[in-house]
file my_file.txt (compact mmCIF, C-alpha atoms)
# COMPACT_ATOMS: atom_id res chain seq x y z
CA MET A 328 109.75 19.36 86.85
CA SER A 329 109.30 15.86 85.49
CA GLU A 330 107.28 13.23 87.28
CA PRO A 331 109.20 9.99 86.88
CA GLU A 332 108.48 8.34 90.20
CA ARG A 333 105.09 6.89 89.94
CA PRO A 334 103.71 5.66 86.66
CA GLU A 335 100.77 3.76 88.06
CA SER A 336 97.77 5.44 89.57
CA PRO A 337 97.29 4.57 93.24
CA ALA A 338 93.61 5.43 92.93
CA SER A 339 93.16 2.53 90.55
CA GLN A 340 90.70 0.05 91.94
CA SER A 341 92.08 -2.89 89.97
CA PRO A 342 93.90 -5.21 92.35
CA GLU A 343 97.58 -5.20 91.63
CA PRO A 344 99.66 -8.15 92.79
CA GLU A 345 102.93 -6.37 93.44
CA SER A 346 102.32 -5.56 97.08
CA GLU A 347 104.85 -8.09 98.42
CA VAL A 348 107.67 -6.18 96.81
CA SER A 349 106.80 -3.04 98.65
CA GLU A 350 106.41 -4.85 101.97
CA VAL A 351 109.74 -6.59 101.67
CA GLU A 352 111.50 -3.38 100.86
CA ALA A 353 109.85 -1.62 103.73
CA SER A 354 110.76 -4.30 106.25
CA GLU A 355 114.37 -4.14 105.24
CA THR A 356 114.84 -0.43 105.63
CA GLY A 357 115.69 -0.61 109.31
CA PRO A 358 119.06 -2.36 109.26
CA SER A 359 120.18 -0.56 106.11
CA ALA A 360 119.94 2.71 107.95
CA ARG A 361 122.87 1.69 110.07
CA GLU A 362 125.21 1.39 107.15
CA THR A 363 125.49 5.12 106.57
CA PRO A 364 124.95 6.73 109.93
CA GLY A 365 125.89 10.22 108.86
CA GLU A 366 123.80 10.23 105.74
CA PRO A 367 120.13 10.95 105.39
CA ARG A 368 118.19 8.15 103.79
CA ARG A 369 116.43 10.17 101.14
CA GLY A 370 117.30 9.59 97.56
CA SER A 371 118.02 5.90 98.01
CA ARG A 372 114.54 4.93 96.91
CA ARG A 373 111.95 6.41 94.62
CA ARG A 374 109.86 9.11 96.20
CA THR A 375 106.11 9.08 96.04
CA ARG A 376 104.13 12.28 95.92
CA LEU A 377 102.00 12.90 98.95
CA TYR A 378 98.85 13.52 96.94
CA ALA A 379 99.32 10.14 95.31
CA LEU A 380 99.68 8.44 98.68
CA THR A 381 96.51 10.08 99.96
CA ASP A 382 94.51 8.94 96.95
CA GLY A 383 94.30 12.43 95.56
CA ARG A 384 92.95 14.04 98.70
CA THR A 385 94.58 17.28 99.66
CA ALA A 386 92.40 18.28 102.61
CA ALA A 387 93.81 17.54 106.06
CA PRO A 388 92.46 14.33 107.57
CA HIS A 389 90.02 14.58 110.46
CA THR A 390 92.14 12.27 112.56
CA VAL A 391 95.14 14.08 114.01
CA LEU A 392 98.02 11.81 114.97
CA THR A 393 101.30 12.51 116.74
CA MET A 394 104.65 10.88 116.15
CA ASP A 395 104.20 8.69 119.22
CA THR A 396 100.68 7.49 118.47
CA THR A 397 100.53 3.69 118.10
CA ILE A 398 98.94 2.47 114.89
CA THR A 399 97.36 -0.96 114.56
CA ALA A 400 95.87 -2.28 111.35
CA ALA A 401 92.09 -2.70 111.50
CA VAL A 402 92.10 -4.83 108.36
CA GLY A 403 94.67 -7.32 107.15
CA ALA A 404 96.98 -6.31 104.34
CA GLU A 405 95.44 -9.08 102.25
CA GLY A 406 92.01 -7.57 102.93
CA GLY A 407 93.24 -4.31 101.47
CA GLY A 408 93.38 -5.55 97.91
CA GLY A 409 92.92 -2.65 95.53
CA LEU A 410 94.45 -0.24 98.00
CA PRO A 411 97.66 1.55 97.03
CA THR A 412 100.72 -0.58 97.70
CA GLU A 413 102.04 1.91 100.27
CA TRP A 414 98.83 1.57 102.23
CA GLN A 415 99.08 -2.21 102.11
CA ALA A 416 102.68 -2.01 103.29
CA VAL A 417 101.60 0.09 106.28
CA LEU A 418 98.81 -2.35 107.14
CA ALA A 419 101.22 -5.31 106.97
CA MET A 420 103.75 -3.49 109.13
CA CYS A 421 101.41 -2.65 111.99
CA ALA A 422 99.38 -5.84 112.14
CA PRO A 423 97.68 -6.48 115.48
CA PRO A 424 98.18 -7.05 118.31
CA GLY A 425 101.40 -5.05 118.49
CA GLY A 426 101.15 -2.11 116.18
CA LEU A 427 103.84 0.49 115.62
CA ALA A 428 104.35 4.14 116.50
CA VAL A 429 103.88 6.70 113.74
CA ALA A 430 107.57 7.61 113.89
CA GLU A 431 108.57 3.99 113.39
CA ILE A 432 106.23 3.53 110.41
CA ALA A 433 107.66 6.72 108.89
CA ALA A 434 111.22 5.46 109.35
CA ARG A 435 110.48 2.03 107.89
CA MET A 436 108.53 3.51 104.97
CA ARG A 437 111.22 6.14 104.45
CA ILE A 438 108.65 8.87 104.45
CA ARG A 439 109.18 12.01 106.51
CA LEU A 440 107.03 12.47 109.58
CA THR A 441 104.58 15.08 108.39
CA PRO A 442 103.59 13.30 105.16
CA MET A 443 103.44 10.00 107.04
CA THR A 444 101.22 11.50 109.72
CA LEU A 445 98.85 12.84 107.07
CA LEU A 446 98.74 9.53 105.25
CA LEU A 447 97.99 7.65 108.46
CA GLY A 448 95.31 10.21 109.31
CA GLU A 449 93.71 9.40 105.98
CA LEU A 450 93.83 5.67 106.76
CA ALA A 451 92.31 6.33 110.18
CA ASP A 452 89.53 8.42 108.59
CA ARG A 453 88.72 5.44 106.40
CA GLY A 454 88.68 3.00 109.28
CA LEU A 455 91.66 1.01 108.03
CA ILE A 456 93.71 1.51 111.19
CA HIS A 457 93.18 1.90 114.91
CA HIS A 458 95.22 4.45 116.81
CA GLN A 459 96.26 4.52 120.42
CA PRO A 460 97.32 7.93 121.72
CA PRO A 461 100.47 8.22 123.86
CA LEU A 462 100.20 8.57 127.61
CA GLN A 463 98.62 11.88 128.49
CA GLY A 464 99.91 14.41 130.99
CA ALA A 465 97.82 13.06 133.86
CA GLU A 466 99.19 9.56 133.33
CA THR A 467 102.82 10.61 132.97
CA THR A 468 102.66 12.23 136.40
CA ASN A 469 100.68 9.37 137.97
CA VAL A 470 102.86 7.82 140.67
CA HIS A 471 101.40 4.34 140.25
CA MET A 472 101.93 4.41 136.49
CA LEU A 473 105.51 5.62 136.95
CA MET A 474 106.22 2.95 139.54
CA ARG A 475 104.90 0.24 137.23
CA ILE A 476 107.26 1.48 134.52
CA ARG A 477 110.13 1.60 137.01
CA ASP A 478 109.50 -1.90 138.34
CA ASN A 479 109.28 -3.35 134.85
CA LEU A 480 112.43 -1.52 133.80
CA ALA A 481 114.34 -2.79 136.82
CA ARG A 482 113.67 -6.37 135.71
CA ILE A 483 115.06 -6.13 132.19
CA MET B 1196 83.97 5.55 101.71
CA PRO B 1197 84.90 1.90 102.02
CA GLY B 1198 82.57 0.08 104.36
CA TYR B 1199 84.89 -0.75 107.23
CA ASP B 1200 82.35 0.15 109.88
CA GLY B 1201 81.50 -1.53 113.11
CA PHE B 1202 84.11 0.09 115.35
CA ASP B 1203 85.09 3.50 116.55
CA PRO B 1204 88.57 4.32 115.28
CA SER B 1205 89.12 6.72 118.16
CA VAL B 1206 88.97 3.79 120.58
CA ALA B 1207 92.05 1.63 120.43
CA ALA B 1208 91.99 -2.10 120.80
CA ALA B 1209 92.06 -3.37 124.36
CA GLY B 1210 95.31 -4.60 125.82
CA GLN B 1211 97.49 -2.41 123.67
CA VAL B 1212 100.58 -0.79 125.08
CA SER B 1213 100.90 2.98 125.19
CA PRO B 1214 103.96 4.64 123.71
CA VAL B 1215 106.02 6.87 126.01
CA LYS B 1216 108.71 9.21 124.74
CA ILE B 1217 112.05 9.82 126.39
CA LEU B 1218 114.48 12.23 124.78
CA VAL B 1219 118.23 11.63 124.68
CA ALA B 1220 120.22 14.83 124.29
CA GLY B 1221 123.73 16.12 124.77
CA GLY B 1222 125.33 17.42 121.62
CA PHE B 1223 127.41 15.77 118.95
CA GLY B 1224 129.51 12.73 119.76
CA VAL B 1225 128.56 12.12 123.39
CA GLY B 1226 127.16 8.66 122.78
CA LYS B 1227 123.43 9.28 122.34
CA THR B 1228 122.93 6.85 119.50
CA THR B 1229 125.13 4.31 121.29
CA LEU B 1230 122.93 4.52 124.36
CA VAL B 1231 119.76 4.15 122.30
CA GLU B 1232 121.28 1.18 120.51
CA THR B 1233 122.30 -0.42 123.81
CA ILE B 1234 118.85 -0.37 125.37
CA SER B 1235 116.66 -0.71 122.28
CA GLU B 1236 115.03 -4.00 121.32
CA ILE B 1237 115.28 -3.04 117.64
CA GLU B 1238 118.08 -1.68 115.51
CA PRO B 1239 117.78 2.09 115.89
CA LEU B 1240 115.74 3.72 113.14
CA ARG B 1241 116.05 7.12 111.60
CA THR B 1242 113.25 9.41 110.61
CA GLU B 1243 113.26 12.96 109.36
CA GLU B 1244 111.10 15.99 109.74
CA ARG B 1245 111.11 19.34 108.03
CA LEU B 1246 110.81 22.23 110.36
CA THR B 1247 110.22 25.87 109.64
CA ALA B 1248 110.53 28.78 112.00
CA ALA B 1249 106.74 29.07 111.84
CA GLY B 1250 106.27 25.45 112.84
CA VAL B 1251 105.71 22.31 110.86
CA GLY B 1252 103.63 22.82 107.75
CA VAL B 1253 101.50 20.27 105.97
CA ASP B 1254 103.02 20.80 102.55
CA ASP B 1255 105.79 18.55 101.40
CA LEU B 1256 107.39 20.60 98.67
CA ASP B 1257 109.93 18.32 97.10
CA GLY B 1258 112.91 20.17 95.74
CA ILE B 1259 111.82 23.54 97.01
CA GLU B 1260 114.25 24.67 99.65
CA SER B 1261 114.41 27.85 101.59
CA LYS B 1262 116.50 29.13 104.43
CA ALA B 1263 113.53 28.97 106.76
CA VAL B 1264 113.16 25.22 106.33
CA THR B 1265 115.43 22.74 108.05
CA THR B 1266 115.45 18.98 107.79
CA VAL B 1267 116.08 17.43 111.18
CA ALA B 1268 116.97 13.78 111.53
CA MET B 1269 116.07 11.70 114.54
CA ASP B 1270 117.40 8.34 115.66
CA PHE B 1271 115.24 6.27 117.92
CA GLY B 1272 114.83 2.86 119.45
CA ARG B 1273 112.17 1.21 121.51
CA LEU B 1274 111.84 -0.90 124.64
CA THR B 1275 108.58 -2.69 125.36
CA LEU B 1276 107.64 -2.94 129.03
CA ALA B 1277 104.68 -5.27 128.67
CA ASP B 1278 103.88 -5.57 132.38
CA ALA B 1279 103.64 -1.80 132.68
CA GLY B 1280 101.61 -1.56 129.48
CA VAL B 1281 104.00 0.90 127.87
CA VAL B 1282 106.58 0.94 125.15
CA LEU B 1283 109.42 3.39 125.71
CA TYR B 1284 110.61 5.23 122.64
CA LEU B 1285 114.04 6.82 123.06
CA PHE B 1286 114.64 9.67 120.67
CA GLY B 1287 118.00 11.22 120.01
CA THR B 1288 119.40 13.39 117.26
CA PRO B 1289 122.46 12.20 115.39
CA GLY B 1290 123.84 15.74 115.57
CA GLN B 1291 122.90 18.57 117.84
CA GLU B 1292 119.46 19.35 119.12
CA ARG B 1293 119.50 23.08 118.42
CA PHE B 1294 116.37 22.74 116.29
CA TRP B 1295 114.38 20.89 118.90
CA PHE B 1296 112.93 24.13 120.24
CA MET B 1297 110.91 24.36 117.02
CA TRP B 1298 109.74 20.78 117.25
CA ASP B 1299 106.71 20.91 119.52
CA ASP B 1300 105.47 17.46 118.56
CA LEU B 1301 108.73 15.98 119.81
CA LEU B 1302 108.55 17.58 123.25
CA SER B 1303 104.84 17.27 123.68
CA GLY B 1304 104.06 14.39 125.99
CA ALA B 1305 107.68 13.42 126.60
CA LEU B 1306 108.15 11.75 129.96
CA GLY B 1307 111.59 13.19 130.52
CA ALA B 1308 115.07 13.35 129.10
CA LEU B 1309 118.56 11.98 129.48
CA VAL B 1310 121.38 14.46 128.96
CA LEU B 1311 124.61 12.71 128.10
CA VAL B 1312 127.85 14.54 128.68
CA ASP B 1313 131.43 13.95 127.68
CA THR B 1314 133.52 15.55 130.41
CA ARG B 1315 136.26 16.32 127.89
CA ARG B 1316 133.74 18.47 126.00
CA LEU B 1317 131.29 19.55 128.64
CA ASP B 1318 130.25 22.65 126.68
CA ARG B 1319 128.54 20.51 124.06
CA SER B 1320 125.92 19.55 126.59
CA PHE B 1321 125.16 23.04 127.92
CA PRO B 1322 122.46 23.77 125.28
CA ALA B 1323 120.58 20.57 126.15
CA VAL B 1324 120.67 21.38 129.87
CA ASP B 1325 119.49 24.96 129.22
CA PHE B 1326 116.79 23.72 126.90
CA PHE B 1327 115.21 21.19 129.26
CA GLU B 1328 115.52 23.54 132.23
CA SER B 1329 113.74 26.31 130.34
CA ARG B 1330 111.02 23.94 129.11
CA GLY B 1331 110.60 22.35 132.52
CA LEU B 1332 111.17 18.82 131.26
CA PRO B 1333 112.68 16.61 133.99
CA PHE B 1334 116.07 15.17 133.11
CA VAL B 1335 118.98 13.24 134.52
CA VAL B 1336 122.62 13.59 133.49
CA GLY B 1337 124.71 10.66 132.36
CA ALA B 1338 128.46 11.20 132.09
CA ASN B 1339 129.68 8.78 129.48
CA CYS B 1340 132.96 7.18 130.51
CA PHE B 1341 134.93 6.84 127.33
CA HIS B 1342 137.63 4.20 127.53
CA GLY B 1343 136.06 3.14 130.81
CA GLU B 1344 137.56 6.05 132.70
CA GLN B 1345 136.10 9.09 134.33
CA PRO B 1346 138.47 11.47 136.12
CA TYR B 1347 135.65 13.46 137.71
CA THR B 1348 133.08 12.60 140.33
CA ALA B 1349 129.36 12.96 139.72
CA GLU B 1350 129.32 15.93 142.12
CA GLU B 1351 132.07 17.71 140.20
CA ILE B 1352 130.28 17.17 136.92
CA GLY B 1353 127.00 18.43 138.32
CA ALA B 1354 128.72 21.55 139.63
CA ALA B 1355 130.47 22.18 136.33
CA LEU B 1356 127.16 21.96 134.46
CA HIS B 1357 125.68 24.69 136.71
CA LEU B 1358 122.49 22.71 137.08
CA ARG B 1359 119.62 24.91 138.15
CA ASP B 1360 118.34 22.15 140.42
CA PRO B 1361 121.30 20.82 142.40
CA GLN B 1362 119.29 17.66 143.13
CA THR B 1363 119.39 16.67 139.44
CA PRO B 1364 120.84 13.16 139.40
CA VAL B 1365 124.24 12.77 137.75
CA LEU B 1366 125.35 9.22 136.92
CA LEU B 1367 128.60 7.88 135.57
CA LEU B 1368 127.90 5.38 132.84
CA ASP B 1369 129.19 3.45 129.90
CA ALA B 1370 126.68 3.95 127.09
CA ARG B 1371 127.60 0.55 125.69
CA ALA B 1372 126.55 -1.29 128.86
CA ARG B 1373 122.92 -2.31 129.03
CA THR B 1374 122.77 -2.18 132.82
CA ASP B 1375 124.21 1.34 132.79
CA ALA B 1376 121.66 2.46 130.18
CA ARG B 1377 118.92 0.89 132.27
CA ASP B 1378 120.19 2.51 135.46
CA VAL B 1379 120.11 5.99 133.98
CA LEU B 1380 116.50 5.37 132.89
CA LEU B 1381 115.71 4.13 136.41
CA ALA B 1382 117.22 7.32 137.81
CA LEU B 1383 114.92 9.32 135.56
CA LEU B 1384 111.91 7.31 136.74
CA ASP B 1385 112.95 7.83 140.37
CA LEU B 1386 113.16 11.57 139.73
CA LEU B 1387 109.71 11.58 138.11
CA ILE B 1388 108.24 9.52 140.96
CA SER B 1389 109.64 11.79 143.65
CA SER B 1390 108.37 14.92 141.91
CA ALA B 1391 104.95 13.30 141.35
CA ASP B 1392 104.88 12.39 145.05
CA ALA B 1393 105.73 15.93 146.04
CA ALA B 1394 103.01 17.42 143.84
call {"tool": "encode", "arguments": {"input": "my_file.txt", "output": "structure tokens"}}
result
Amino acid sequence: MSEPERPESPASQSPEPESEVSEVEASETGPSARETPGEPRRGSRRRTRLYALTDGRTAAPHTVLTMDTTITAAVGAEGGGGLPTEWQAVLAMCAPPGGLAVAEIAARMRIRLTPMTLLLGELADRGLIHHQPPLQGAETTNVHMLMRIRDNLARI
Amino acid sequence: MPGYDGFDPSVAAAGQVSPVKILVAGGFGVGKTTLVETISEIEPLRTEERLTAAGVGVDDLDGIESKAVTTVAMDFGRLTLADAGVVLYLFGTPGQERFWFMWDDLLSGALGALVLVDTRRLDRSFPAVDFFESRGLPFVVGANCFHGEQPYTAEEIGAALHLRDPQTPVLLLDARARTDARDVLLALLDLLISSADAA
């Protein structure tokens, strides 16, 4: 199998100025998904190998994330100079205070959930992102929590 | 290691909202994506996951397919409820949800589910009802009124679905109407509150 997708090494420490391109592309993936509702998105953009995204690491990250974990950048995208462009795109996407869920980052990056979860785990291991777990079982059955959600929902 | 120390990554920043998952099910063509689109504050997004019968692996083997591996797509939208400190994520499949039973990460932590039905094709929603009943995930039923008409009452629809719990709320709705989409979510919250009260 040939390897045409990724000529440059993401492990390179030399700062590369092309990060804006990647961010712009990533931020535009949402609306384009609506144009072909029946079609999967894969194939419309170059694919990046997972080991390249994780800077060559193949071991599972220590930080285990779920699809509904909220990710917030701990450093600005501009502070991530020298990081792989995909990492910088993720940091730009989930800038504080809001942050984004893992599933939403995966969709906007056009990376499937499992690879995206591993990549984000790697970023969390390196302290580049904060992560907020989803509500736990005790909270989802907490009457006061549920009533707060209900009241807020009733006002939209 | 880069020197980004000075904080504990396991502790999230203060004031952040917590994500909450709600699943939208009901088979092909019942209006799931329409409902998500109606209530979502963003254009619905699509993500994919590869599932195997043995669960989700960590390897992403491009170009290597086998019968045991299935790619499942997922459409979702979000609704931030800032005062409650949560952001609702509504997940639906563009097709059928027959692979959801393999997708533990999807069900894990879900608050509850909406089962949409088209009364002209009620059978398409039976698997979703069976699935949530067997997994014990609370759900409400929304009967989508196509062309603004619904020849059946909520009671008739509930009876036809053979709901295990006859108290399961059944609402008539138009998936394109934001108030209807909100009302079916409110019905789910009411159901969750009453069962939390009873516990």
call {"tool": "atom_distance", "arguments": {"input": "my_file.txt", "atom1": "atom CA of A:Thr399", "atom2": "atom CA of B:Leu1387"}}
result
29.4 Å
call {"tool": "atom_distance", "arguments": {"input": "my_file.txt", "atom1": "atom CA of B:Val1379", "atom2": "atom CA of B:Val1336"}}
result
8.0 Å
call {"tool": "atom_distance", "arguments": {"input": "my_file.txt", "atom1": "atom CA of B:Pro1346", "atom2": "atom CA of B:Ser1235"}}
result
28.6 Å
call {"tool": "residues_around", "arguments": {"input": "my_file.txt", "residues": "A:Met474", "least_positions_apart": "2", "cutoff": "10 Å", "atoms": "only C-alpha atoms", "output": "list in words"}}
result
Asn469, Val470, His471, Met472, Ile476, Arg477, Asp478, Asn479 and Leu480 of chain A; Ala1279, Leu1384, Asp1385, Leu1387 and Ile1388 of chain B
call {"tool": "residues_around", "arguments": {"input": "my_file.txt", "residues": "B:Leu1332", "least_positions_apart": "4", "cutoff": "7 Å", "atoms": "only C-alpha atoms", "output": "list of chain:residue names"}}
result
B:Gly1307, B:Phe1327, B:Glu1328
call {"tool": "residues_around", "arguments": {"input": "my_file.txt", "residues": "stretch 458-464 of chain A", "least_positions_apart": "2", "cutoff": "6 Å", "atoms": "only C-alpha atoms", "output": "PDB file with C-alpha atoms, in the frame of the given file"}}
result
ATOM      1  CA  ASP A 395     104.200   8.690 119.220  1.00  0.00           C
ATOM      2  CA  THR A 396     100.680   7.490 118.470  1.00  0.00           C
ATOM      3  CA  THR A 397     100.530   3.690 118.100  1.00  0.00           C
ATOM      4  CA  ILE A 398      98.940   2.470 114.890  1.00  0.00           C
ATOM      5  CA  GLU A 466      99.190   9.560 133.330  1.00  0.00           C
ATOM      6  CA  THR A 467     102.820  10.610 132.970  1.00  0.00           C
TER       7      THR A 467
ATOM      8  CA  ALA B1207      92.050   1.630 120.430  1.00  0.00           C
ATOM      9  CA  SER B1213     100.900   2.980 125.190  1.00  0.00           C
ATOM     10  CA  PRO B1214     103.960   4.640 123.710  1.00  0.00           C
TER      11      PRO B1214
END
